[in-house]
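*Asks:* Provided herewith: start.cif, mmCIF, C-alpha atoms.
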```cif
data_my_file
loop_
_atom_site.label_atom_id
_atom_site.label_comp_id
_atom_site.auth_asym_id
_atom_site.auth_seq_id
_atom_site.Cartn_x
_atom_site.Cartn_y
_atom_site.Cartn_z
CA MET A 66 0.00 0.00 0.00
CA THR A 67 1.33 3.42 -0.96
CA VAL A 68 1.33 5.99 1.85
CA ARG A 69 0.32 9.38 0.50
CA VAL A 70 2.20 12.09 2.37
CA GLY A 71 1.40 15.71 3.09
CA VAL A 72 4.43 17.76 4.19
CA VAL A 73 4.14 20.89 6.33
CA GLY A 74 7.17 23.14 5.91
CA LEU A 75 8.28 22.39 2.37
CA SER A 76 9.51 25.83 1.31
CA ALA A 77 10.44 26.84 -2.23
CA THR A 78 13.40 28.78 -0.80
CA GLY A 79 14.83 25.71 0.91
CA SER A 80 14.20 24.06 4.27
CA TRP A 81 14.98 20.90 6.23
CA ALA A 82 11.91 19.38 4.62
CA SER A 83 13.29 20.03 1.14
CA TYR A 84 16.87 18.96 1.95
CA ALA A 85 16.04 15.81 3.92
CA HIS A 86 12.40 14.70 3.88
CA LEU A 87 11.56 15.20 0.21
CA PRO A 88 14.54 13.27 -1.26
CA ALA A 89 14.14 10.60 1.43
CA LEU A 90 10.45 10.09 0.68
CA ARG A 91 11.16 9.87 -3.04
CA ALA A 92 13.86 7.26 -2.41
CA VAL A 93 11.78 4.97 -0.21
CA GLU A 94 9.39 2.51 -1.77
CA GLY A 95 5.80 2.84 -0.64
CA PHE A 96 5.59 6.63 -0.18
CA GLU A 97 4.24 9.35 -2.45
CA VAL A 98 4.53 13.07 -1.66
CA ARG A 99 1.00 14.07 -2.53
CA ALA A 100 0.49 17.43 -0.82
CA LEU A 101 2.15 20.27 1.03
CA ALA A 102 1.10 23.13 3.27
CA THR A 103 2.81 26.45 3.96
CA SER A 104 1.76 29.71 5.59
CA SER A 105 0.12 31.33 2.54
CA PRO A 106 -1.53 30.35 -0.77
CA GLU A 107 1.27 32.06 -2.70
CA SER A 108 4.13 30.28 -0.92
CA ALA A 109 2.29 26.96 -1.09
CA GLN A 110 1.81 27.26 -4.85
CA ALA A 111 5.45 28.30 -5.32
CA ALA A 112 6.64 25.25 -3.37
CA ALA A 113 4.28 22.92 -5.24
CA GLU A 114 5.64 24.15 -8.57
CA ALA A 115 9.25 24.00 -7.38
CA TYR A 116 9.03 20.39 -6.20
CA GLY A 117 6.32 18.94 -8.43
CA VAL A 118 3.82 18.29 -5.64
CA PRO A 119 0.22 17.95 -6.89
CA LEU A 120 -1.73 19.53 -4.03
CA ALA A 121 -0.95 22.81 -2.23
CA PHE A 122 -2.67 24.14 0.89
CA SER A 123 -2.24 27.24 3.03
CA SER A 124 -3.33 25.55 6.27
CA VAL A 125 -2.54 22.29 8.03
CA GLU A 126 -6.24 21.77 8.71
CA GLU A 127 -6.98 21.64 4.97
CA LEU A 128 -4.05 19.32 4.31
CA ALA A 129 -4.84 16.96 7.19
CA ARG A 130 -8.50 16.64 6.19
CA CYS A 131 -7.69 15.96 2.54
CA ASP A 132 -8.78 12.46 1.50
CA GLU A 133 -5.59 12.12 -0.56
CA VAL A 134 -3.29 12.45 2.47
CA ASP A 135 -2.55 9.40 4.65
CA LEU A 136 0.39 10.78 6.68
CA VAL A 137 1.10 14.34 7.85
CA VAL A 138 4.78 15.29 8.25
CA VAL A 139 5.42 18.36 10.41
CA ALA A 140 8.85 19.83 9.62
CA VAL A 141 8.70 23.46 10.72
CA LYS A 142 10.26 25.54 13.51
CA VAL A 143 9.73 24.11 16.99
CA PRO A 144 7.43 26.89 18.35
CA HIS A 145 4.80 25.84 15.79
CA HIS A 146 4.90 22.09 16.46
CA ARG A 147 2.20 21.96 19.14
CA GLU A 148 -0.49 23.79 17.16
CA LEU A 149 0.15 21.98 13.89
CA VAL A 150 0.45 18.51 15.42
CA LEU A 151 -2.79 18.92 17.35
CA GLU A 152 -4.58 19.92 14.14
CA ALA A 153 -3.28 16.84 12.35
CA LEU A 154 -4.21 14.56 15.24
CA SER A 155 -7.72 16.01 15.36
CA ALA A 156 -8.14 14.91 11.74
CA GLU A 157 -7.30 11.34 12.85
CA LYS A 158 -4.30 11.16 10.52
CA PRO A 159 -0.97 9.54 11.36
CA VAL A 160 1.64 12.19 12.15
CA LEU A 161 5.42 12.37 11.96
CA CYS A 162 6.79 15.39 13.82
CA GLU A 163 10.40 16.50 13.61
CA TRP A 164 12.49 16.52 16.77
CA PRO A 165 12.28 18.35 19.12
CA LEU A 166 8.72 17.17 19.51
CA ALA A 167 7.72 20.31 21.39
CA ASN A 168 8.91 23.49 23.07
CA GLY A 169 9.60 21.99 26.47
CA VAL A 170 8.47 19.03 28.52
CA ALA A 171 4.99 20.38 29.32
CA GLU A 172 4.07 20.70 25.64
CA ALA A 173 5.61 17.29 24.94
CA ALA A 174 3.43 15.73 27.66
CA GLU A 175 0.34 17.38 26.16
CA LEU A 176 1.13 16.04 22.68
CA ALA A 177 1.94 12.56 23.97
CA SER A 178 -1.40 12.49 25.78
CA ALA A 179 -3.28 13.68 22.69
CA ALA A 180 -1.56 10.98 20.61
CA GLU A 181 -2.45 8.02 22.84
CA GLY A 182 -3.88 5.22 20.72
CA LYS A 183 -2.90 6.96 17.48
CA HIS A 184 -0.08 6.66 14.97
CA ALA A 185 2.17 9.55 16.07
CA TYR A 186 5.92 9.44 15.53
CA VAL A 187 8.89 11.65 16.30
CA GLY A 188 11.78 12.26 13.90
CA PHE A 189 14.72 10.52 15.55
CA GLN A 190 16.39 9.41 12.34
CA GLY A 191 19.76 8.73 13.99
CA THR A 192 18.71 5.33 15.31
CA ALA A 193 17.75 4.27 11.78
CA ALA A 194 21.17 5.15 10.31
CA PRO A 195 23.06 2.05 9.11
CA ALA A 196 26.18 2.70 11.21
CA VAL A 197 24.12 3.25 14.35
CA ARG A 198 22.22 0.00 13.85
CA TYR A 199 25.52 -1.81 13.27
CA LEU A 200 27.03 -0.35 16.44
CA GLN A 201 23.98 -1.45 18.41
CA ASP A 202 24.42 -4.98 17.06
CA LEU A 203 28.14 -4.98 17.90
CA ILE A 204 27.40 -4.08 21.51
CA ALA A 205 24.49 -6.54 21.76
CA ASP A 206 26.63 -9.32 20.28
CA GLY A 207 29.33 -8.77 22.92
CA PHE A 208 32.10 -7.17 20.84
CA VAL A 209 33.33 -5.16 23.85
CA GLY A 210 32.15 -7.63 26.49
CA GLU A 211 30.63 -6.00 29.56
CA LEU A 212 30.42 -2.25 29.08
CA VAL A 213 32.76 -0.42 31.48
CA SER A 214 32.73 3.22 30.38
CA THR A 215 32.05 5.46 27.41
CA SER A 216 33.07 9.02 26.50
CA LEU A 217 31.72 11.14 23.66
CA ILE A 218 32.69 14.63 22.55
CA ALA A 219 31.06 16.45 19.65
CA THR A 220 30.79 19.88 18.05
CA ALA A 221 27.80 21.51 16.36
CA GLY A 222 26.78 24.96 15.14
CA PRO A 223 25.52 27.56 14.78
CA TRP A 224 25.57 28.01 18.56
CA GLY A 225 28.74 29.80 19.55
CA GLY A 226 29.46 30.95 16.00
CA PRO A 227 28.12 33.33 13.36
CA VAL A 228 24.45 33.10 12.38
CA GLY A 229 22.28 34.45 9.59
CA ASN A 230 18.77 35.82 9.57
CA ARG A 231 17.34 32.32 9.09
CA THR A 232 19.24 30.81 12.02
CA GLU A 233 19.28 33.67 14.52
CA TYR A 234 16.15 32.30 16.23
CA LEU A 235 18.19 29.27 17.38
CA LEU A 236 20.06 31.50 19.82
CA ASP A 237 16.87 32.36 21.73
CA LYS A 238 16.29 29.68 24.35
CA SER A 239 12.57 30.48 24.56
CA ASN A 240 12.09 29.12 21.03
CA GLY A 241 12.96 25.60 22.17
CA ALA A 242 15.37 25.04 19.26
CA THR A 243 18.72 24.95 21.04
CA LEU A 244 21.98 23.04 21.10
CA LEU A 245 20.53 21.03 23.98
CA SER A 246 17.08 20.35 22.53
CA ILE A 247 18.03 19.73 18.89
CA VAL A 248 21.56 18.37 18.68
CA PHE A 249 22.01 16.89 22.15
CA GLY A 250 18.52 15.39 21.92
CA HIS A 251 19.37 13.62 18.65
CA LEU A 252 22.81 12.64 19.93
CA VAL A 253 21.70 11.17 23.24
CA ASP A 254 18.88 9.24 21.57
CA SER A 255 21.34 7.42 19.30
CA PHE A 256 23.86 7.08 22.14
CA SER A 257 21.23 5.46 24.36
CA TYR A 258 20.05 3.16 21.56
CA ILE A 259 23.58 1.79 21.31
CA VAL A 260 24.91 1.63 24.90
CA GLY A 261 21.83 2.07 27.08
CA ASP A 262 19.97 4.84 28.88
CA LEU A 263 21.29 7.14 31.57
CA ALA A 264 20.03 6.15 35.02
CA ASP A 265 21.37 9.26 36.76
CA LEU A 266 23.36 12.31 35.76
CA ASN A 267 25.18 15.51 36.65
CA ALA A 268 25.38 18.38 34.18
CA THR A 269 27.20 21.63 33.54
CA THR A 270 26.04 24.02 30.83
CA GLY A 271 27.12 27.50 29.85
CA ILE A 272 26.97 30.34 27.37
CA ARG A 273 30.63 30.96 26.60
CA ARG A 274 29.93 33.19 23.60
CA PRO A 275 27.07 35.43 24.76
CA THR A 276 27.15 37.64 21.64
CA VAL A 277 27.62 36.41 18.08
CA LEU A 278 27.65 38.06 14.69
CA ASN A 279 24.68 37.93 12.32
CA THR A 280 26.50 37.93 9.01
CA ASP A 281 23.36 39.04 7.12
CA SER A 282 22.66 42.14 9.20
CA GLY A 283 26.23 42.84 10.30
CA GLU A 284 24.99 43.21 13.88
CA PHE A 285 25.92 41.32 17.02
CA VAL A 286 23.07 39.45 18.70
CA THR A 287 22.67 38.11 22.21
CA ALA A 288 22.48 34.37 22.82
CA THR A 289 20.37 32.95 25.65
CA ALA A 290 20.77 29.29 24.61
CA GLU A 291 23.75 27.37 25.98
CA ASP A 292 26.70 26.67 23.69
CA GLU A 293 28.49 24.20 26.00
CA ILE A 294 26.89 21.09 27.54
CA VAL A 295 28.63 18.48 29.67
CA VAL A 296 26.75 15.50 31.09
CA THR A 297 28.23 12.72 33.22
CA GLY A 298 26.41 9.83 34.77
CA THR A 299 25.74 6.15 35.16
CA LEU A 300 23.98 4.03 32.58
CA THR A 301 21.26 1.56 33.54
CA ASN A 302 23.79 -1.24 32.94
CA GLY A 303 26.22 0.32 35.45
CA ALA A 304 28.72 1.76 32.96
CA ILE A 305 30.11 5.26 33.52
CA ALA A 306 29.35 7.78 30.79
CA SER A 307 30.34 11.29 29.77
CA LEU A 308 29.05 13.44 26.91
CA HIS A 309 30.39 16.88 25.98
CA LEU A 310 28.64 18.82 23.22
CA ARG A 311 30.33 22.04 22.16
CA GLY A 312 29.19 24.97 20.07
CA MET A 313 30.76 25.86 16.75
CA ASN A 314 34.54 25.73 16.52
CA ASP A 315 36.23 25.25 13.16
CA HIS A 316 39.28 23.66 14.78
CA SER A 317 37.47 21.09 16.92
CA SER A 318 36.79 17.47 16.00
CA LYS A 319 33.20 16.99 14.91
CA LEU A 320 32.64 13.78 16.87
CA ILE A 321 34.84 11.34 18.77
CA TRP A 322 33.27 8.52 20.76
CA GLU A 323 35.02 5.73 22.65
CA ILE A 324 33.26 2.70 24.11
CA ASN A 325 35.31 0.60 26.54
CA GLY A 326 34.45 -2.91 27.68
CA THR A 327 35.95 -5.87 29.46
CA GLU A 328 36.73 -7.65 26.17
CA GLY A 329 37.10 -4.92 23.58
CA HIS A 330 37.10 -1.28 22.53
CA LEU A 331 35.29 0.78 19.90
CA ARG A 332 36.15 4.23 18.55
CA ILE A 333 33.78 6.20 16.37
CA ASP A 334 34.88 9.29 14.44
CA GLY A 335 32.10 11.38 12.91
CA THR A 336 31.78 14.14 10.35
CA GLY A 337 29.03 16.03 12.20
CA GLY A 338 27.58 16.66 15.62
CA THR A 339 25.19 13.69 15.57
CA LEU A 340 25.45 10.03 14.67
CA ALA A 341 23.09 10.51 11.73
CA ASN A 342 26.10 11.92 9.87
CA PRO A 343 28.71 9.65 8.24
CA VAL A 344 31.00 7.95 10.76
CA THR A 345 34.05 5.68 10.73
CA ILE A 346 34.02 2.78 13.18
CA ARG A 347 37.19 1.17 14.47
CA GLY A 348 37.44 -1.63 16.97
CA ALA A 349 39.74 -4.08 18.72
CA ARG A 350 39.36 -7.06 21.02
CA GLY A 351 41.95 -8.21 23.53
CA ASP A 352 45.46 -7.23 22.42
CA ASP A 353 44.46 -6.57 18.81
CA VAL A 354 45.25 -3.23 17.16
CA LEU A 355 42.34 -0.96 16.37
CA SER A 356 41.18 -1.53 12.82
CA GLU A 357 38.30 -0.22 10.76
CA LEU A 358 35.01 -2.09 10.94
CA PRO A 359 33.07 -1.23 7.78
CA VAL A 360 29.30 -1.43 8.03
CA PRO A 361 28.42 -4.84 6.53
CA ASP A 362 26.20 -5.27 3.51
CA GLY A 363 22.54 -5.37 4.34
CA TYR A 364 22.42 -2.36 6.67
CA ASP A 365 22.39 0.40 4.06
CA HIS A 366 19.35 0.40 1.77
CA HIS A 367 19.98 3.88 0.36
CA ALA A 368 23.69 4.04 -0.42
CA ASP A 369 23.06 6.61 -3.14
CA LEU A 370 22.10 9.11 -0.43
CA VAL A 371 25.27 8.71 1.68
CA GLY A 372 26.60 12.08 2.77
CA SER A 373 23.28 13.88 2.39
CA PRO A 374 20.80 14.80 5.16
CA ALA A 375 18.31 12.45 3.47
CA HIS A 376 20.37 9.30 4.12
CA ALA A 377 19.36 8.59 7.72
CA VAL A 378 15.90 10.08 7.13
CA ALA A 379 15.26 7.59 4.30
CA HIS A 380 16.07 4.70 6.63
CA ALA A 381 13.73 6.22 9.22
CA TYR A 382 10.95 6.20 6.62
CA ASP A 383 11.73 2.53 5.87
CA ARG A 384 11.09 1.84 9.55
CA LEU A 385 7.98 4.01 9.62
CA ARG A 386 6.48 2.26 6.60
CA LEU A 387 6.67 -1.07 8.42
CA ASP A 388 4.91 0.42 11.44
CA LEU A 389 2.15 2.03 9.38
CA ASN A 390 1.55 -1.27 7.60
CA GLY A 391 1.36 -3.13 10.92
CA GLY A 392 4.59 -5.03 10.43
CA SER A 393 6.53 -3.72 13.45
CA LYS A 394 6.70 -1.19 16.25
CA GLN A 395 10.19 0.17 15.69
CA ALA A 396 9.61 3.85 14.89
CA PRO A 397 9.97 6.20 17.90
CA ASP A 398 6.55 7.46 18.98
CA PHE A 399 5.42 10.49 20.96
CA ALA A 400 5.76 8.58 24.23
CA HIS A 401 9.42 8.00 23.38
CA GLY A 402 9.77 11.67 22.50
CA LEU A 403 8.35 12.60 25.91
CA LEU A 404 10.98 10.42 27.63
CA ARG A 405 13.72 12.29 25.79
CA HIS A 406 12.19 15.66 26.72
CA ARG A 407 12.14 14.53 30.35
CA LEU A 408 15.82 13.62 30.07
CA LEU A 409 16.66 17.09 28.73
CA ASP A 410 14.59 18.61 31.53
CA ALA A 411 16.63 16.62 34.06
CA ILE A 412 19.85 17.91 32.47
CA GLU A 413 18.64 21.49 32.85
CA ARG A 414 17.69 20.88 36.50
CA ALA A 415 21.08 19.31 37.20
CA ALA A 416 22.87 22.28 35.64
CA GLU A 417 20.72 24.82 37.49
CA THR A 418 20.84 23.16 40.91
CA GLY A 419 24.18 21.37 40.90
CA SER A 420 22.36 18.26 42.12
CA ARG A 421 22.54 14.77 40.67
CA GLN A 422 19.31 13.77 38.95
CA CYS A 423 17.79 10.30 38.82
CA ILE A 424 16.10 9.61 35.49
CA GLN A 425 12.63 8.15 35.83
CA GLY A 426 11.10 5.91 33.18
CA GLN A 427 14.29 5.18 31.23
#
```
Would you encode the structure as C-alpha cells?

*Replies:*
Amino acid sequence: MTVRVGVVGLSATGSWASYAHLPALRAVEGFEVRALATSSPESAQAAAEAYGVPLAFSSVEELARCDEVDLVVVAVKVPHHRELVLEALSAEKPVLCEWPLANGVAEAAELASAAEGKHAYVGFQGTAAPAVRYLQDLIADGFVGELVSTSLIATAGPWGGPVGNRTEYLLDKSNGATLLSIVFGHLVDSFSYIVGDLADLNATTGIRRPTVLNTDSGEFVTATAEDEIVVTGTLTNGAIASLHLRGMNDHSSKLIWEINGTEGHLRIDGTGGTLANPVTIRGARGDDVLSELPVPDGYDHHADLVGSPAHAVAHAYDRLRLDLNGGSKQAPDFAHGLLRHRLLDAIERAAETGSRQCIQGQ
C-alpha cells in the first residue's frame, strides 16, 4: 500500500523538509509526496511548482482533512509544532513530527497524551542510520564484552558561531530550538540506543559566547541558549558515561566517541555533531590493534544518499512504513519523545541546581 504524504514546511526557498524529507520520501518505496502546506496560498503554490507536488494548501487543517493524504509530516520551527500537530491529530491522521517534539516538557506531555492510541511518531532518524544500527548490534553481540565506560565529545553549530537571519532564532532559548534540545537530543537518543539509557546524571552548561555576529545584518546578537553542555552519569547497565557537546569551533573534532568494555574497545569518528552523519568505526578485542570495521552489507538500503541529510531520514521512513503497515513497532513514537524531553529537563535541573538527577522511566 502506498502511503500518501502531506508535508508541512516544504519551502520553495529551501528548508529541512526540502533537503532531507523530500529526497528521502522519493527514495523509499511505498511513499508518495502528494500534498504540502505552507503559511500562505502564494508560498504553497510556489513550493508545489518547485518540487512537483500535486496539491498545495495554506493551512494544516486543509491538508490533514484531505482524503488524498494518509500521513502528515510536520517539519517546521519548533514553536509551531504543538499547534500543527494537534490539528493533524484532530483529523485522525498519522503524524510524523520533527524533533524536538515540542517546546519543552509540558508541551511534549500534552502532545503525547493527545496521541495516545494513534499513529504519532517523532523524527529521531539517527537510530535508523546504518552505522548506528551496526554499532547497536556490535554491543548486543558482545564485541566489547561488559560495558565499562564510554566518553563522547562532539561539536555543532551555529551556537557559539556566526548566524544568519534564518538561524538567529536558534540563539533564543525560549524558542525551544537549542543546542541542547536539537543536537544533544538527537545525539543522546542514538547514544542510548547503542549503549543504554542514563540512570542518573550531573550536568554543567554555559553560554561561553554570549554575543555572536549575524552575518546578514552585520549586527551582534545576544544568545540565551547554551553553547556548552557536559553531562556525566551512570547508565542503567552500570557503565560510567560522559558526553560533551560544544558549540561551533572550526578547529574542533566533529565527533569522537570511545566505548570501553571488558573484552574490547570501539572508537567512532564522525563528520558532524550527531550520529546521523557519516562515521568511521574502528574496533579491537583483547590485544588486537584498532582496525576499521566497515558497516556490513545489508544495513544500508539507500547508499546513493550517503553524505546527504536524506540518508538517515530515508532509513527512518523505511522503519515508519513497516509500522504504518502493521509489520513492526520500531519507529519512535510520541511517548518515546516525551521520555527524551524529560531527560533534557533533568539535564537542565542538574545544571541549574548542581544536584545529581535520577532519570525516571528510562

*Asks:* So which one's closest to Gly338 in chain A, A:Tyr116, A:Phe249, A:Tyr382, A:Phe96? Using all atoms listed in the file, please.

*Replies:* A:Phe249

*Asks:* Specify as an MDAnalysis selection string each residue included when the PyMOL selection byres ((chain A and resi 367-380) around 12) is applied to this file.

*Replies:* chainID A and resid 80:96 161 163 187:198 255 335:337 339:344 360 362:366 381:387 395:396

*Asks:* Might you spell out which residues the PyMOL selection byres ((chain A and resi 127) around 12) would select in the displayed file, as a PDB file with C-alpha atoms, in the frame of the given file?

*Replies:*
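And here is the file that came out, out_30.pdb:
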```
ATOM      1  CA  GLY A  71       1.400  15.710   3.090  1.00  0.00           C
ATOM      2  CA  VAL A  73       4.140  20.890   6.330  1.00  0.00           C
ATOM      3  CA  ALA A 100       0.490  17.430  -0.820  1.00  0.00           C
ATOM      4  CA  LEU A 101       2.150  20.270   1.030  1.00  0.00           C
ATOM      5  CA  ALA A 102       1.100  23.130   3.270  1.00  0.00           C
ATOM      6  CA  THR A 103       2.810  26.450   3.960  1.00  0.00           C
ATOM      7  CA  SER A 104       1.760  29.710   5.590  1.00  0.00           C
ATOM      8  CA  PRO A 106      -1.530  30.350  -0.770  1.00  0.00           C
ATOM      9  CA  LEU A 120      -1.730  19.530  -4.030  1.00  0.00           C
ATOM     10  CA  ALA A 121      -0.950  22.810  -2.230  1.00  0.00           C
ATOM     11  CA  PHE A 122      -2.670  24.140   0.890  1.00  0.00           C
ATOM     12  CA  SER A 123      -2.240  27.240   3.030  1.00  0.00           C
ATOM     13  CA  SER A 124      -3.330  25.550   6.270  1.00  0.00           C
ATOM     14  CA  VAL A 125      -2.540  22.290   8.030  1.00  0.00           C
ATOM     15  CA  GLU A 126      -6.240  21.770   8.710  1.00  0.00           C
ATOM     16  CA  LEU A 128      -4.050  19.320   4.310  1.00  0.00           C
ATOM     17  CA  ALA A 129      -4.840  16.960   7.190  1.00  0.00           C
ATOM     18  CA  ARG A 130      -8.500  16.640   6.190  1.00  0.00           C
ATOM     19  CA  CYS A 131      -7.690  15.960   2.540  1.00  0.00           C
ATOM     20  CA  ASP A 132      -8.780  12.460   1.500  1.00  0.00           C
ATOM     21  CA  GLU A 133      -5.590  12.120  -0.560  1.00  0.00           C
ATOM     22  CA  VAL A 134      -3.290  12.450   2.470  1.00  0.00           C
ATOM     23  CA  VAL A 137       1.100  14.340   7.850  1.00  0.00           C
ATOM     24  CA  LEU A 149       0.150  21.980  13.890  1.00  0.00           C
ATOM     25  CA  GLU A 152      -4.580  19.920  14.140  1.00  0.00           C
ATOM     26  CA  ALA A 153      -3.280  16.840  12.350  1.00  0.00           C
ATOM     27  CA  SER A 155      -7.720  16.010  15.360  1.00  0.00           C
ATOM     28  CA  ALA A 156      -8.140  14.910  11.740  1.00  0.00           C
TER      29      ALA A 156
END
```

*Asks:* Which residues are near Val253 in chain A? Cut-off 9 Å, all atoms listed in the file, ignore same chain within fewer than 6 positions. Put them as an MDAnalysis selection string.

*Replies:* chainID A and resid 262 308 339 405

*Asks:* For the selection you just gave me, I'd like the residues written to a file as a PDB file, keeping the file's coordinate frame, keeping C-alpha atoms.

*Replies:*
```
ATOM      1  CA  ASP A 262      19.970   4.840  28.880  1.00  0.00           C
ATOM      2  CA  LEU A 308      29.050  13.440  26.910  1.00  0.00           C
ATOM      3  CA  THR A 339      25.190  13.690  15.570  1.00  0.00           C
ATOM      4  CA  ARG A 405      13.720  12.290  25.790  1.00  0.00           C
TER       5      ARG A 405
END
```

*Asks:* Hey, what's within 12 Å of Ser318 in chain A if we count only C-alpha atoms and toss same-chain stuff fewer than 6 positions away? As a VMD selection string, please?

*Replies:* chain A and resid 217 to 221 309 to 312 333 to 338

*Asks:* May I have the residues within 7 Å of Arg350 in chain A as JSON, numbers by chain, using all atoms listed in the file and disregarding those fewer than 5 positions away in the same chain?

*Replies:* {"A": [209, 328, 329, 330]}

*Asks:* Would you please work out which residue, of A:Ala264, A:Leu203, A:Gln422, A:Ala400, is nearest to Arg347 in chain A when using only C-alpha atoms?

*Replies:* A:Leu203

*Asks:* Nearest residue to Ala115 in chain A out of A:Ala205, A:His251, A:Thr299, A:Gly79, using only C-alpha atoms?

*Replies:* A:Gly79

*Asks:* Under the PyMOL selection byres ((chain A and resi 407) around 9), which residues of this model are included? Write them out as a list in words.

*Replies:* Gly169, Val170, Ala173, Gly402, Leu403, Leu404, Arg405, His406, Leu408, Leu409, Asp410, Ala411, Ile412, Ile424 and Gln425 of chain A

*Asks:* Expressed in Å to a single decimal, how great is the separation between CA of Val98 in chain A and CA of Lys394 in chain A?

*Replies:*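 Rounded to one decimal, the two atoms are 23.0 Å apart.
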
*Asks:* Within 10 Å of Ala288 in chain A, counting all atoms listed in the file, which residues show up once you throw out same-chain ones fewer than 3 positions away? Write them as a PDB file with C-alpha atoms, in the frame of the given file, please.

*Replies:*
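Output file part-v3.pdb is given in full below:
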```
ATOM      1  CA  TRP A 224      25.570  28.010  18.560  1.00  0.00           C
ATOM      2  CA  GLY A 225      28.740  29.800  19.550  1.00  0.00           C
ATOM      3  CA  GLU A 233      19.280  33.670  14.520  1.00  0.00           C
ATOM      4  CA  TYR A 234      16.150  32.300  16.230  1.00  0.00           C
ATOM      5  CA  LEU A 235      18.190  29.270  17.380  1.00  0.00           C
ATOM      6  CA  LEU A 236      20.060  31.500  19.820  1.00  0.00           C
ATOM      7  CA  ASP A 237      16.870  32.360  21.730  1.00  0.00           C
ATOM      8  CA  LYS A 238      16.290  29.680  24.350  1.00  0.00           C
ATOM      9  CA  ILE A 272      26.970  30.340  27.370  1.00  0.00           C
ATOM     10  CA  ARG A 273      30.630  30.960  26.600  1.00  0.00           C
ATOM     11  CA  ARG A 274      29.930  33.190  23.600  1.00  0.00           C
ATOM     12  CA  PRO A 275      27.070  35.430  24.760  1.00  0.00           C
ATOM     13  CA  THR A 276      27.150  37.640  21.640  1.00  0.00           C
ATOM     14  CA  VAL A 277      27.620  36.410  18.080  1.00  0.00           C
ATOM     15  CA  PHE A 285      25.920  41.320  17.020  1.00  0.00           C
ATOM     16  CA  GLU A 291      23.750  27.370  25.980  1.00  0.00           C
ATOM     17  CA  ASP A 292      26.700  26.670  23.690  1.00  0.00           C
TER      18      ASP A 292
END
```

*Asks:* Measuring between only C-alpha atoms, which one of A:Glu175, A:Asp398, A:Asp254, A:Glu413 shows the shortest distance to Cys162 in chain A?

*Replies:* A:Asp398

*Asks:* Any idea what the distance is between CA of Glu357 in chain A and CA of Arg332 in chain A?

*Replies:*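 Separating CA of Glu357 in chain A from CA of Arg332 in chain A is a distance of 9.2 Å.
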
*Asks:* Could you work out how far CA of Ala290 in chain A lies from CA of Gly222 in chain A, giving the answer in Å with one decimal?

*Replies:*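 Rounded to one decimal, the two atoms are 12.0 Å apart.
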